[in-house]
Amino acid sequence: MGLANAYLREGKVEDSLRALDRAVELDPKRADLRAARARALRAMGERNEARMEFQKALNLDPASLEARAGLISVRGEPRHEMRFGQDNELFNFTSANHDGWVSLVSKWTPHWSTSFAGSLYERAGIRAGKFSGAITGRLSRWGALTAGGAAGHDNAVIPKSEAFLTSTMDGKPARRIFCAGWNLIMGSIGTGIRLPGF
């Protein structure tokens, strides 16, 4: 196991995994070997295999803190996230303004996600509501592109409908690009540009 750990520290993950495979063949009942193999699999990005290996280590040694921590470390991110929110602006010269919303963001794959939201507004006693939806595609090299739209019962409080297209360049240093993202909202005057650092 010492050789496998040395390989892992040097970043030679495949060599580490080969050494651990051989060690597990010789002694398959050692929980520490299973946990070490799981660490190597996790370092290679093989989350499902690492999860199974950490579980095998925990089955062999139910008191293994390393196996328990390893299982937690390979949990996937939640696929669906629901948020609720409310804003109350009480310091207004007319009457209080209130906003409430609920949104659902679903990450279907590492590259695709959707979002849907419903918002309710009250401005000076006038109520309005809006429903919006969007789809986002991500590529690690190019960033993200989001397209969506919204429609609502406006009562002259919010835009009746809107469409948007947003592009962001993830992971790029700000000095290399002039604009980190841009938004185009159809139906309004002008185009908004978000500059890095603002």
# chains A, B, ... in the order shown; residues from 1 in each chain; ligands from 1
>>> residues_around(residues="Ser113 in chain A", least_positions_apart="2", cutoff="9 Å", atoms="only C-alpha atoms", output="PyMOL selection string")
chain A and resi 105-111+115+134-138
>>> atom_distance(atom1="CA of Glu14 in chain A", atom2="CA of Glu46 in chain A")
11.9 Å
>>> select_by_dssp(residues="range 6-193 of chain A", states="helix (DSSP H, G or I)", output="MDAnalysis selection string")
chainID A and resid 6:9 13:26 31:43 47:60 65:73 174:176
>>> write_last_selection(atoms="C-alpha atoms", output="short mmCIF file (atom, residue, chain, number, x, y, z; two decimals), in the first residue's frame")
data_model
loop_
_atom_site.label_atom_id
_atom_site.label_comp_id
_atom_site.auth_asym_id
_atom_site.auth_seq_id
_atom_site.Cartn_x
_atom_site.Cartn_y
_atom_site.Cartn_z
CA ALA A 6 3.59 7.24 -3.17
CA TYR A 7 2.28 6.96 -6.72
CA LEU A 8 -0.90 8.81 -5.72
CA ARG A 9 1.08 11.66 -4.09
CA VAL A 13 -3.01 7.65 -10.39
CA GLU A 14 -3.05 4.78 -12.89
CA ASP A 15 0.16 3.30 -11.42
CA SER A 16 -1.35 3.64 -7.95
CA LEU A 17 -4.51 1.84 -9.05
CA ARG A 18 -2.51 -1.01 -10.59
CA ALA A 19 -0.54 -1.47 -7.35
CA LEU A 20 -3.76 -1.42 -5.32
CA ASP A 21 -5.47 -3.89 -7.65
CA ARG A 22 -2.62 -6.32 -7.04
CA ALA A 23 -2.78 -5.75 -3.26
CA VAL A 24 -6.56 -6.35 -3.21
CA GLU A 25 -6.04 -9.59 -5.17
CA LEU A 26 -3.62 -10.77 -2.48
CA ALA A 31 -10.80 -2.44 4.40
CA ASP A 32 -7.82 -0.06 4.24
CA LEU A 33 -6.82 -1.44 0.81
CA ARG A 34 -10.40 -1.01 -0.45
CA ALA A 35 -10.48 2.59 0.84
CA ALA A 36 -7.11 3.35 -0.77
CA ARG A 37 -8.36 1.89 -4.06
CA ALA A 38 -11.48 4.04 -3.78
CA ARG A 39 -9.32 7.15 -3.28
CA ALA A 40 -7.40 6.33 -6.47
CA LEU A 41 -10.65 5.79 -8.39
CA ARG A 42 -12.00 9.09 -7.08
CA ALA A 43 -8.81 10.85 -8.22
CA ARG A 47 -17.12 8.41 -8.85
CA ASN A 48 -19.46 5.41 -9.18
CA GLU A 49 -16.65 2.87 -8.92
CA ALA A 50 -15.12 4.82 -6.03
CA ARG A 51 -18.50 4.83 -4.25
CA MET A 52 -18.77 1.03 -4.59
CA GLU A 53 -15.22 0.56 -3.34
CA PHE A 54 -15.78 2.84 -0.31
CA GLN A 55 -18.95 0.83 0.43
CA LYS A 56 -16.97 -2.43 0.27
CA ALA A 57 -14.46 -0.95 2.73
CA LEU A 58 -17.30 0.06 5.07
CA ASN A 59 -18.83 -3.43 4.83
CA LEU A 60 -15.48 -4.93 5.85
CA LEU A 65 -14.07 6.76 9.37
CA GLU A 66 -12.12 6.93 6.11
CA ALA A 67 -14.74 4.84 4.29
CA ARG A 68 -17.59 6.95 5.72
CA ALA A 69 -15.88 10.21 4.75
CA GLY A 70 -15.09 8.75 1.33
CA LEU A 71 -18.74 7.89 0.70
CA ILE A 72 -19.71 11.46 1.55
CA SER A 73 -16.99 12.83 -0.76
CA ALA A 174 -10.73 38.94 -17.13
CA ARG A 175 -7.71 40.51 -18.87
CA ARG A 176 -8.13 38.19 -21.85
#
>>> residues_around(residues="range 97-104 of chain A", least_positions_apart="2", cutoff="10 Å", atoms="only C-alpha atoms", output="MDAnalysis selection string")
chainID A and resid 80:92 94:95 106 114:133
>>> closest_residue(among="A:Pro159, A:Gly11, A:Pro62, A:Gly2", to="Met44 in chain A", atoms="only C-alpha atoms")
A:Gly11
>>> atom_distance(atom1="CA of Ala163 in chain A", atom2="CA of Ala150 in chain A")
6.4 Å
>>> select_by_dssp(residues="range 14-191 of chain A", states="strand (DSSP E or B)", output="ChimeraX atom specification")
/A:80-89,97-107,112-123,126-139,143-153,161-168,181-185
